[in-house]
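Peer 1: Coordinates in coords_34.tsv, TSV, N, CA and C atoms, are listed below.
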```
chain	number	residue	atom	x	y	z
A	1	MET	N	105.64	96.34	122.70
A	1	MET	CA	104.53	95.47	122.32
A	1	MET	C	103.24	96.27	122.14
A	2	LEU	N	102.91	97.10	123.15
A	2	LEU	CA	101.70	97.90	123.08
A	2	LEU	C	101.77	98.89	121.91
A	3	LYS	N	102.96	99.42	121.65
A	3	LYS	CA	103.15	100.36	120.55
A	3	LYS	C	102.87	99.67	119.20
A	4	ASN	N	103.27	98.41	119.08
A	4	ASN	CA	103.03	97.68	117.84
A	4	ASN	C	101.55	97.36	117.66
A	5	ILE	N	100.86	97.09	118.75
A	5	ILE	CA	99.41	96.86	118.65
A	5	ILE	C	98.72	98.14	118.21
A	6	LEU	N	99.12	99.25	118.81
A	6	LEU	CA	98.57	100.55	118.43
A	6	LEU	C	98.88	100.86	116.97
A	7	ALA	N	100.10	100.57	116.54
A	7	ALA	CA	100.50	100.80	115.14
A	7	ALA	C	99.62	100.00	114.19
A	8	THR	N	99.35	98.76	114.56
A	8	THR	CA	98.52	97.89	113.72
A	8	THR	C	97.09	98.43	113.63
A	9	VAL	N	96.52	98.76	114.78
A	9	VAL	CA	95.13	99.24	114.81
A	9	VAL	C	95.01	100.57	114.05
A	10	LEU	N	95.91	101.50	114.33
A	10	LEU	CA	95.83	102.80	113.65
A	10	LEU	C	96.13	102.69	112.15
A	11	GLY	N	97.04	101.79	111.78
A	11	GLY	CA	97.31	101.56	110.37
A	11	GLY	C	96.09	101.01	109.65
A	12	PHE	N	95.41	100.08	110.31
A	12	PHE	CA	94.20	99.49	109.73
A	12	PHE	C	93.10	100.54	109.61
A	13	ILE	N	92.94	101.36	110.64
A	13	ILE	CA	91.93	102.43	110.60
A	13	ILE	C	92.26	103.42	109.49
A	14	ALA	N	93.53	103.81	109.36
A	14	ALA	CA	93.94	104.74	108.31
A	14	ALA	C	93.65	104.16	106.93
A	15	ALA	N	93.95	102.88	106.75
A	15	ALA	CA	93.68	102.22	105.46
A	15	ALA	C	92.18	102.22	105.16
A	16	SER	N	91.39	101.88	106.16
A	16	SER	CA	89.93	101.82	105.98
A	16	SER	C	89.34	103.19	105.65
A	17	ILE	N	89.78	104.20	106.36
A	17	ILE	CA	89.29	105.56	106.10
A	17	ILE	C	89.69	106.03	104.70
A	18	THR	N	90.93	105.75	104.33
A	18	THR	CA	91.41	106.13	103.00
A	18	THR	C	90.56	105.48	101.91
A	19	ILE	N	90.32	104.19	102.06
A	19	ILE	CA	89.52	103.46	101.06
A	19	ILE	C	88.11	104.03	101.00
A	20	THR	N	87.50	104.26	102.13
A	20	THR	CA	86.14	104.79	102.16
A	20	THR	C	86.06	106.16	101.49
A	21	LEU	N	87.00	107.04	101.80
A	21	LEU	CA	86.98	108.39	101.22
A	21	LEU	C	87.15	108.36	99.70
A	22	ILE	N	88.09	107.55	99.22
A	22	ILE	CA	88.33	107.49	97.77
A	22	ILE	C	87.13	106.84	97.07
A	23	GLU	N	86.55	105.81	97.67
A	23	GLU	CA	85.37	105.19	97.06
A	23	GLU	C	84.21	106.18	97.01
A	24	LYS	N	84.03	106.95	98.08
A	24	LYS	CA	82.94	107.96	98.10
A	24	LYS	C	83.19	109.04	97.05
A	25	LEU	N	84.45	109.44	96.89
A	25	LEU	CA	84.81	110.40	95.85
A	25	LEU	C	84.45	109.84	94.48
A	26	GLY	N	84.71	108.56	94.27
A	26	GLY	CA	84.37	107.92	93.01
A	26	GLY	C	82.89	107.96	92.71
A	27	VAL	N	82.07	107.79	93.74
A	27	VAL	CA	80.61	107.85	93.55
A	27	VAL	C	80.17	109.27	93.24
A	28	VAL	N	80.84	110.25	93.83
A	28	VAL	CA	80.50	111.65	93.54
A	28	VAL	C	80.89	111.99	92.10
A	29	LEU	N	82.10	111.56	91.69
A	29	LEU	CA	82.58	111.86	90.34
A	29	LEU	C	81.84	111.06	89.27
A	30	PHE	N	81.47	109.83	89.61
A	30	PHE	CA	80.81	108.92	88.66
A	30	PHE	C	79.55	108.37	89.32
A	31	PRO	N	78.48	109.17	89.32
A	31	PRO	CA	77.27	108.78	90.05
A	31	PRO	C	76.67	107.46	89.55
A	32	TYR	N	76.15	106.72	90.50
A	32	TYR	CA	75.44	105.49	90.18
A	32	TYR	C	74.08	105.86	89.59
A	33	PRO	N	73.45	104.91	88.89
A	33	PRO	CA	72.12	105.21	88.35
A	33	PRO	C	71.12	105.45	89.49
A	34	GLU	N	70.06	106.14	89.17
A	34	GLU	CA	69.04	106.44	90.17
A	34	GLU	C	68.48	105.13	90.73
A	35	GLY	N	68.32	105.11	92.05
A	35	GLY	CA	67.78	103.92	92.71
A	35	GLY	C	68.84	102.90	93.10
A	36	ALA	N	70.08	103.18	92.74
A	36	ALA	CA	71.17	102.24	93.06
A	36	ALA	C	71.38	102.18	94.56
A	37	GLN	N	71.84	101.02	95.04
A	37	GLN	CA	72.11	100.82	96.46
A	37	GLN	C	73.52	100.24	96.62
A	38	PRO	N	74.56	101.09	96.44
A	38	PRO	CA	75.93	100.57	96.45
A	38	PRO	C	76.38	100.01	97.80
A	39	GLU	N	75.68	100.32	98.88
A	39	GLU	CA	76.06	99.76	100.20
A	39	GLU	C	75.46	98.37	100.40
A	40	ASP	N	74.56	97.96	99.51
A	40	ASP	CA	73.88	96.67	99.62
A	40	ASP	C	74.60	95.63	98.75
A	41	ILE	N	75.21	94.65	99.41
A	41	ILE	CA	75.98	93.63	98.69
A	41	ILE	C	75.11	92.90	97.66
A	42	GLU	N	73.88	92.62	98.01
A	42	GLU	CA	73.00	91.91	97.07
A	42	GLU	C	72.73	92.75	95.83
A	43	TRP	N	72.53	94.06	96.02
A	43	TRP	CA	72.33	94.93	94.87
A	43	TRP	C	73.58	94.91	93.98
A	44	LEU	N	74.76	95.01	94.62
A	44	LEU	CA	76.01	95.00	93.86
A	44	LEU	C	76.17	93.69	93.08
A	45	LYS	N	75.87	92.55	93.73
A	45	LYS	CA	76.00	91.26	93.06
A	45	LYS	C	75.13	91.18	91.81
A	46	ASN	N	73.93	91.75	91.90
A	46	ASN	CA	72.96	91.63	90.81
A	46	ASN	C	73.04	92.75	89.78
A	47	ASN	N	73.82	93.79	90.06
A	47	ASN	CA	73.83	94.96	89.17
A	47	ASN	C	75.22	95.48	88.84
A	48	THR	N	76.20	94.62	88.82
A	48	THR	CA	77.58	95.07	88.57
A	48	THR	C	77.69	95.81	87.23
A	49	ALA	N	76.92	95.40	86.27
A	49	ALA	CA	77.00	96.03	84.95
A	49	ALA	C	76.52	97.48	84.98
A	50	LEU	N	75.74	97.86	85.99
A	50	LEU	CA	75.23	99.22	86.09
A	50	LEU	C	76.19	100.18	86.78
A	51	ILE	N	77.23	99.64	87.41
A	51	ILE	CA	78.18	100.48	88.13
A	51	ILE	C	79.05	101.20	87.10
A	52	PRO	N	79.14	102.53	87.20
A	52	PRO	CA	79.97	103.27	86.24
A	52	PRO	C	81.43	102.81	86.30
A	53	LYS	N	82.05	102.70	85.14
A	53	LYS	CA	83.45	102.23	85.07
A	53	LYS	C	84.38	103.14	85.86
A	54	GLY	N	84.13	104.43	85.82
A	54	GLY	CA	84.96	105.37	86.58
A	54	GLY	C	84.91	105.10	88.08
A	55	ALA	N	83.73	104.76	88.58
A	55	ALA	CA	83.58	104.43	90.00
A	55	ALA	C	84.35	103.15	90.32
A	56	MET	N	84.34	102.20	89.40
A	56	MET	CA	85.07	100.95	89.61
A	56	MET	C	86.59	101.21	89.64
A	57	VAL	N	87.05	102.08	88.77
A	57	VAL	CA	88.48	102.44	88.76
A	57	VAL	C	88.85	103.12	90.08
A	58	CYS	N	87.94	103.96	90.60
A	58	CYS	CA	88.21	104.60	91.89
A	58	CYS	C	88.33	103.58	93.01
A	59	VAL	N	87.56	102.51	92.95
A	59	VAL	CA	87.67	101.45	93.97
A	59	VAL	C	89.03	100.77	93.86
A	60	ILE	N	89.48	100.51	92.65
A	60	ILE	CA	90.80	99.90	92.46
A	60	ILE	C	91.88	100.81	93.05
A	61	ILE	N	91.80	102.09	92.73
A	61	ILE	CA	92.76	103.06	93.26
A	61	ILE	C	92.67	103.12	94.78
A	62	ALA	N	91.45	103.10	95.31
A	62	ALA	CA	91.24	103.16	96.76
A	62	ALA	C	91.91	101.99	97.47
A	63	HIS	N	91.76	100.80	96.92
A	63	HIS	CA	92.36	99.62	97.55
A	63	HIS	C	93.88	99.73	97.59
A	64	ALA	N	94.47	100.14	96.48
A	64	ALA	CA	95.93	100.26	96.42
A	64	ALA	C	96.45	101.34	97.36
A	65	ILE	N	95.83	102.52	97.31
A	65	ILE	CA	96.29	103.62	98.16
A	65	ILE	C	96.00	103.33	99.63
A	66	GLY	N	94.88	102.66	99.91
A	66	GLY	CA	94.55	102.31	101.29
A	66	GLY	C	95.63	101.43	101.92
A	67	ILE	N	96.10	100.44	101.17
A	67	ILE	CA	97.16	99.57	101.68
A	67	ILE	C	98.44	100.38	101.90
A	68	ILE	N	98.77	101.24	100.95
A	68	ILE	CA	99.99	102.06	101.08
A	68	ILE	C	99.92	102.92	102.34
A	69	ILE	N	98.83	103.64	102.51
A	69	ILE	CA	98.67	104.54	103.66
A	69	ILE	C	98.68	103.73	104.96
A	70	GLY	N	97.93	102.65	105.00
A	70	GLY	CA	97.85	101.84	106.22
A	70	GLY	C	99.19	101.27	106.65
A	71	MET	N	99.93	100.74	105.68
A	71	MET	CA	101.24	100.18	106.00
A	71	MET	C	102.22	101.27	106.41
A	72	PHE	N	102.15	102.41	105.74
A	72	PHE	CA	103.03	103.53	106.08
A	72	PHE	C	102.77	104.00	107.51
A	73	ILE	N	101.51	104.18	107.85
A	73	ILE	CA	101.15	104.64	109.21
A	73	ILE	C	101.60	103.62	110.24
A	74	ALA	N	101.41	102.34	109.96
A	74	ALA	CA	101.83	101.29	110.90
A	74	ALA	C	103.34	101.34	111.12
A	75	GLY	N	104.10	101.50	110.05
A	75	GLY	CA	105.56	101.59	110.17
A	75	GLY	C	106.00	102.86	110.87
A	76	LEU	N	105.31	103.96	110.59
A	76	LEU	CA	105.62	105.25	111.19
A	76	LEU	C	105.42	105.21	112.71
A	77	ILE	N	104.36	104.55	113.15
A	77	ILE	CA	104.07	104.48	114.58
A	77	ILE	C	104.96	103.45	115.27
A	78	SER	N	105.14	102.28	114.65
A	78	SER	CA	105.92	101.22	115.29
A	78	SER	C	107.39	101.59	115.44
A	79	LYS	N	107.99	102.01	114.37
A	79	LYS	CA	109.40	102.41	114.29
A	79	LYS	C	110.40	101.29	114.58
A	80	THR	N	109.96	100.17	115.14
A	80	THR	CA	110.91	99.10	115.50
A	80	THR	C	110.60	97.76	114.85
A	81	SER	N	109.44	97.62	114.23
A	81	SER	CA	109.05	96.33	113.67
A	81	SER	C	108.21	96.51	112.42
A	82	MET	N	108.40	95.63	111.47
A	82	MET	CA	107.60	95.63	110.25
A	82	MET	C	106.32	94.80	110.43
A	83	ILE	N	106.20	94.09	111.52
A	83	ILE	CA	105.05	93.20	111.72
A	83	ILE	C	103.73	93.96	111.66
A	84	PRO	N	103.57	95.12	112.32
A	84	PRO	CA	102.30	95.84	112.19
A	84	PRO	C	101.95	96.20	110.74
A	85	ALA	N	102.94	96.64	109.99
A	85	ALA	CA	102.70	96.99	108.58
A	85	ALA	C	102.30	95.76	107.78
A	86	TYR	N	102.97	94.64	108.03
A	86	TYR	CA	102.60	93.40	107.33
A	86	TYR	C	101.19	92.96	107.69
A	87	ILE	N	100.83	93.08	108.96
A	87	ILE	CA	99.48	92.68	109.38
A	87	ILE	C	98.44	93.54	108.67
A	88	VAL	N	98.66	94.85	108.66
A	88	VAL	CA	97.73	95.75	107.97
A	88	VAL	C	97.63	95.39	106.49
A	89	GLY	N	98.78	95.22	105.84
A	89	GLY	CA	98.79	94.89	104.42
A	89	GLY	C	98.08	93.58	104.12
A	90	ILE	N	98.33	92.56	104.93
A	90	ILE	CA	97.70	91.26	104.71
A	90	ILE	C	96.20	91.33	104.95
A	91	LEU	N	95.78	92.04	106.00
A	91	LEU	CA	94.34	92.18	106.26
A	91	LEU	C	93.64	92.87	105.09
A	92	MET	N	94.28	93.90	104.55
A	92	MET	CA	93.67	94.62	103.43
A	92	MET	C	93.67	93.76	102.16
A	93	LEU	N	94.73	92.98	101.96
A	93	LEU	CA	94.75	92.05	100.82
A	93	LEU	C	93.62	91.04	100.94
A	94	LEU	N	93.46	90.48	102.15
A	94	LEU	CA	92.40	89.49	102.37
A	94	LEU	C	91.01	90.10	102.17
A	95	ALA	N	90.83	91.35	102.62
A	95	ALA	CA	89.55	92.02	102.43
A	95	ALA	C	89.25	92.21	100.95
A	96	THR	N	90.27	92.57	100.18
A	96	THR	CA	90.08	92.75	98.74
A	96	THR	C	89.73	91.43	98.07
A	97	ILE	N	90.44	90.37	98.45
A	97	ILE	CA	90.15	89.05	97.89
A	97	ILE	C	88.73	88.62	98.24
A	98	ALA	N	88.32	88.87	99.49
A	98	ALA	CA	86.97	88.51	99.91
A	98	ALA	C	85.93	89.24	99.06
A	99	MET	N	86.15	90.53	98.82
A	99	MET	CA	85.20	91.30	98.00
A	99	MET	C	85.16	90.78	96.56
A	100	LEU	N	86.33	90.42	96.04
A	100	LEU	CA	86.37	89.88	94.67
A	100	LEU	C	85.62	88.56	94.58
A	101	ILE	N	85.64	87.79	95.65
A	101	ILE	CA	84.91	86.51	95.67
A	101	ILE	C	83.42	86.74	95.86
A	102	MET	N	83.05	87.65	96.76
A	102	MET	CA	81.63	87.87	97.09
A	102	MET	C	80.86	88.60	96.01
A	103	ILE	N	81.53	89.53	95.32
A	103	ILE	CA	80.84	90.33	94.30
A	103	ILE	C	81.41	89.99	92.94
A	104	PRO	N	80.62	89.34	92.10
A	104	PRO	CA	81.11	89.01	90.76
A	104	PRO	C	81.47	90.29	90.00
A	105	SER	N	82.66	90.29	89.44
A	105	SER	CA	83.16	91.48	88.76
A	105	SER	C	83.68	91.11	87.38
A	106	PRO	N	83.74	92.10	86.49
A	106	PRO	CA	84.34	91.83	85.18
A	106	PRO	C	85.81	91.43	85.36
A	107	ILE	N	86.31	90.65	84.43
A	107	ILE	CA	87.69	90.16	84.49
A	107	ILE	C	88.68	91.32	84.59
A	108	TRP	N	88.48	92.37	83.79
A	108	TRP	CA	89.41	93.50	83.81
A	108	TRP	C	89.50	94.10	85.20
A	109	TYR	N	88.35	94.16	85.90
A	109	TYR	CA	88.34	94.73	87.24
A	109	TYR	C	89.08	93.82	88.23
A	110	SER	N	88.79	92.55	88.18
A	110	SER	CA	89.42	91.60	89.11
A	110	SER	C	90.93	91.58	88.94
A	111	ILE	N	91.40	91.56	87.71
A	111	ILE	CA	92.84	91.57	87.45
A	111	ILE	C	93.46	92.89	87.91
A	112	SER	N	92.82	94.00	87.55
A	112	SER	CA	93.36	95.31	87.93
A	112	SER	C	93.38	95.50	89.44
A	113	ASP	N	92.32	95.07	90.10
A	113	ASP	CA	92.26	95.22	91.56
A	113	ASP	C	93.31	94.33	92.22
A	114	GLY	N	93.44	93.11	91.72
A	114	GLY	CA	94.46	92.19	92.26
A	114	GLY	C	95.87	92.76	92.09
A	115	LEU	N	96.17	93.23	90.90
A	115	LEU	CA	97.49	93.82	90.66
A	115	LEU	C	97.68	95.10	91.48
A	116	GLY	N	96.63	95.89	91.60
A	116	GLY	CA	96.71	97.13	92.36
A	116	GLY	C	97.05	96.89	93.83
A	117	VAL	N	96.41	95.89	94.44
A	117	VAL	CA	96.70	95.65	95.85
A	117	VAL	C	98.08	95.04	96.05
A	118	ILE	N	98.53	94.26	95.09
A	118	ILE	CA	99.90	93.70	95.19
A	118	ILE	C	100.93	94.83	95.07
A	119	ILE	N	100.73	95.71	94.10
A	119	ILE	CA	101.62	96.86	93.94
A	119	ILE	C	101.54	97.77	95.17
A	120	GLY	N	100.32	97.99	95.68
A	120	GLY	CA	100.14	98.79	96.88
A	120	GLY	C	100.87	98.18	98.07
A	121	PHE	N	100.81	96.86	98.19
A	121	PHE	CA	101.50	96.16	99.28
A	121	PHE	C	103.01	96.37	99.17
A	122	MET	N	103.54	96.21	97.98
A	122	MET	CA	104.99	96.35	97.79
A	122	MET	C	105.44	97.79	98.07
A	123	PHE	N	104.66	98.76	97.59
A	123	PHE	CA	105.01	100.16	97.81
A	123	PHE	C	104.84	100.52	99.29
A	124	GLY	N	103.77	100.04	99.91
A	124	GLY	CA	103.54	100.28	101.33
A	124	GLY	C	104.64	99.66	102.18
A	125	LYS	N	105.10	98.48	101.77
A	125	LYS	CA	106.21	97.82	102.48
A	125	LYS	C	107.46	98.69	102.42
A	126	SER	N	107.74	99.20	101.25
A	126	SER	CA	108.92	100.05	101.07
A	126	SER	C	108.83	101.32	101.92
A	127	LEU	N	107.67	101.96	101.94
A	127	LEU	CA	107.50	103.17	102.74
A	127	LEU	C	107.63	102.85	104.24
A	128	ALA	N	107.02	101.75	104.66
A	128	ALA	CA	107.09	101.37	106.08
A	128	ALA	C	108.52	101.04	106.49
A	129	GLN	N	109.26	100.35	105.62
A	129	GLN	CA	110.64	99.99	105.94
A	129	GLN	C	111.51	101.23	106.15
A	130	ASN	N	111.20	102.30	105.42
A	130	ASN	CA	111.96	103.54	105.58
A	130	ASN	C	111.72	104.19	106.94
A	131	LYS	N	110.62	103.83	107.60
A	131	LYS	CA	110.29	104.41	108.90
A	131	LYS	C	110.72	103.50	110.07
A	132	VAL	N	111.00	102.24	109.77
A	132	VAL	CA	111.40	101.29	110.81
A	132	VAL	C	112.92	101.31	110.95
A	133	ILE	N	113.37	101.42	112.17
A	133	ILE	CA	114.82	101.49	112.43
A	133	ILE	C	115.40	100.09	112.50
```
Since I need it in another form, could you write the structure as structure tokens?
Peer 2:
Amino acid sequence: MLKNILATVLGFIAASITITLIEKLGVVLFPYPEGAQPEDIEWLKNNTALIPKGAMVCVIIAHAIGIIIGMFIAGLISKTSMIPAYIVGILMLLATIAMLIMIPSPIWYSISDGLGVIIGFMFGKSLAQNKVI
């Protein structure tokens, strides 16, 4: 039981760190305009058109890879149950949905991000299942 709780927490942390690193890489590769405040939700809501497309693609990639890594780590640590991996995957899916609701985004982004997290969930599930006995 304790091992599964640890698997869930560490899987979630791994997913969050992965997403943060890839998103930060996207900002380095595709800088925001001067004066931009990407950490401010209100700025993002009012200035989505100013966000470089490359940075937006990096966020889509970050969400998908974050779910994959988080679910894999949860399965790797648990070894006996898929529940930690499912919890991590569902939490990350819900976080992505929440962001899509809170920050108005272009249709192409919303569809791509939605498909990306679903594909990430399926791939993460497969990787986690290979680690669970």
Peer 1: Of the residues A:Pro38, A:Ile68, A:Lys3, A:Val28, which is the one nearest to Met122 (chain A), using only N, CA and C atoms?
Peer 2: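 Among the listed residues, A:Ile68 lies closest to Met122 (chain A).
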Peer 1: What's around region 109-112 of chain A at 8 Å? Count only N, CA and C atoms, leave out sequence neighbours fewer than 6 positions away in its own chain, and write the answer as a PDB file with N, CA and C atoms, keeping the file's coordinate frame.
Peer 2:
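Writing done, so here's result-v4.pdb:
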```
ATOM      1  N   MET A  56      84.340 102.200  89.400  1.00  0.00           N
ATOM      2  CA  MET A  56      85.070 100.950  89.610  1.00  0.00           C
ATOM      3  C   MET A  56      86.590 101.210  89.640  1.00  0.00           C
ATOM      4  N   VAL A  57      87.050 102.080  88.770  1.00  0.00           N
ATOM      5  CA  VAL A  57      88.480 102.440  88.760  1.00  0.00           C
ATOM      6  C   VAL A  57      88.850 103.120  90.080  1.00  0.00           C
ATOM      7  N   ILE A  60      89.480 100.510  92.650  1.00  0.00           N
ATOM      8  CA  ILE A  60      90.800  99.900  92.460  1.00  0.00           C
ATOM      9  C   ILE A  60      91.880 100.810  93.050  1.00  0.00           C
ATOM     10  N   ILE A  61      91.800 102.090  92.730  1.00  0.00           N
ATOM     11  CA  ILE A  61      92.760 103.060  93.260  1.00  0.00           C
ATOM     12  C   ILE A  61      92.670 103.120  94.780  1.00  0.00           C
ATOM     13  N   LEU A 100      86.330  90.420  96.040  1.00  0.00           N
ATOM     14  CA  LEU A 100      86.370  89.880  94.670  1.00  0.00           C
ATOM     15  C   LEU A 100      85.620  88.560  94.580  1.00  0.00           C
ATOM     16  N   ILE A 118      98.530  94.260  95.090  1.00  0.00           N
ATOM     17  CA  ILE A 118      99.900  93.700  95.190  1.00  0.00           C
ATOM     18  C   ILE A 118     100.930  94.830  95.070  1.00  0.00           C
TER      19      ILE A 118
END
```
Peer 1: Using only C-alpha atoms, which residues sit within 6 Å of Gly11 (chain A) once same-chain residues fewer than 2 positions away are excluded, as a short mmCIF file (atom, residue, chain, number, x, y, z; two decimals) with N, CA and C atoms, in the frame of the given file?
Peer 2:
```cif
data_model
loop_
_atom_site.label_atom_id
_atom_site.label_comp_id
_atom_site.auth_asym_id
_atom_site.auth_seq_id
_atom_site.Cartn_x
_atom_site.Cartn_y
_atom_site.Cartn_z
N ALA A 7 100.10 100.57 116.54
CA ALA A 7 100.50 100.80 115.14
C ALA A 7 99.62 100.00 114.19
N THR A 8 99.35 98.76 114.56
CA THR A 8 98.52 97.89 113.72
C THR A 8 97.09 98.43 113.63
N VAL A 9 96.52 98.76 114.78
CA VAL A 9 95.13 99.24 114.81
C VAL A 9 95.01 100.57 114.05
N ILE A 13 92.94 101.36 110.64
CA ILE A 13 91.93 102.43 110.60
C ILE A 13 92.26 103.42 109.49
N ALA A 14 93.53 103.81 109.36
CA ALA A 14 93.94 104.74 108.31
C ALA A 14 93.65 104.16 106.93
N GLY A 70 97.93 102.65 105.00
CA GLY A 70 97.85 101.84 106.22
C GLY A 70 99.19 101.27 106.65
N ILE A 73 101.51 104.18 107.85
CA ILE A 73 101.15 104.64 109.21
C ILE A 73 101.60 103.62 110.24
N ALA A 74 101.41 102.34 109.96
CA ALA A 74 101.83 101.29 110.90
C ALA A 74 103.34 101.34 111.12
#
```
Peer 1: Quick one: residues within 8 Å of (77.1, 104.7, 89.6) (file frame), counting all atoms listed in the file, please, as a list in words.
Peer 2: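 Collected hits near the coordinates: Gly26, Val27, Val28, Leu29, Phe30, Pro31, Tyr32, Pro33, Glu34, Ala36, Leu50, Ile51, Pro52, Lys53, Gly54, Ala55 and Met56 of chain A.
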Peer 1: Using all atoms listed in the file, which of the listed residues (A:Met102, A:Ala62, A:Pro84, A:Leu127) sits closest to Ile5 (chain A)?
Peer 2: A:Pro84
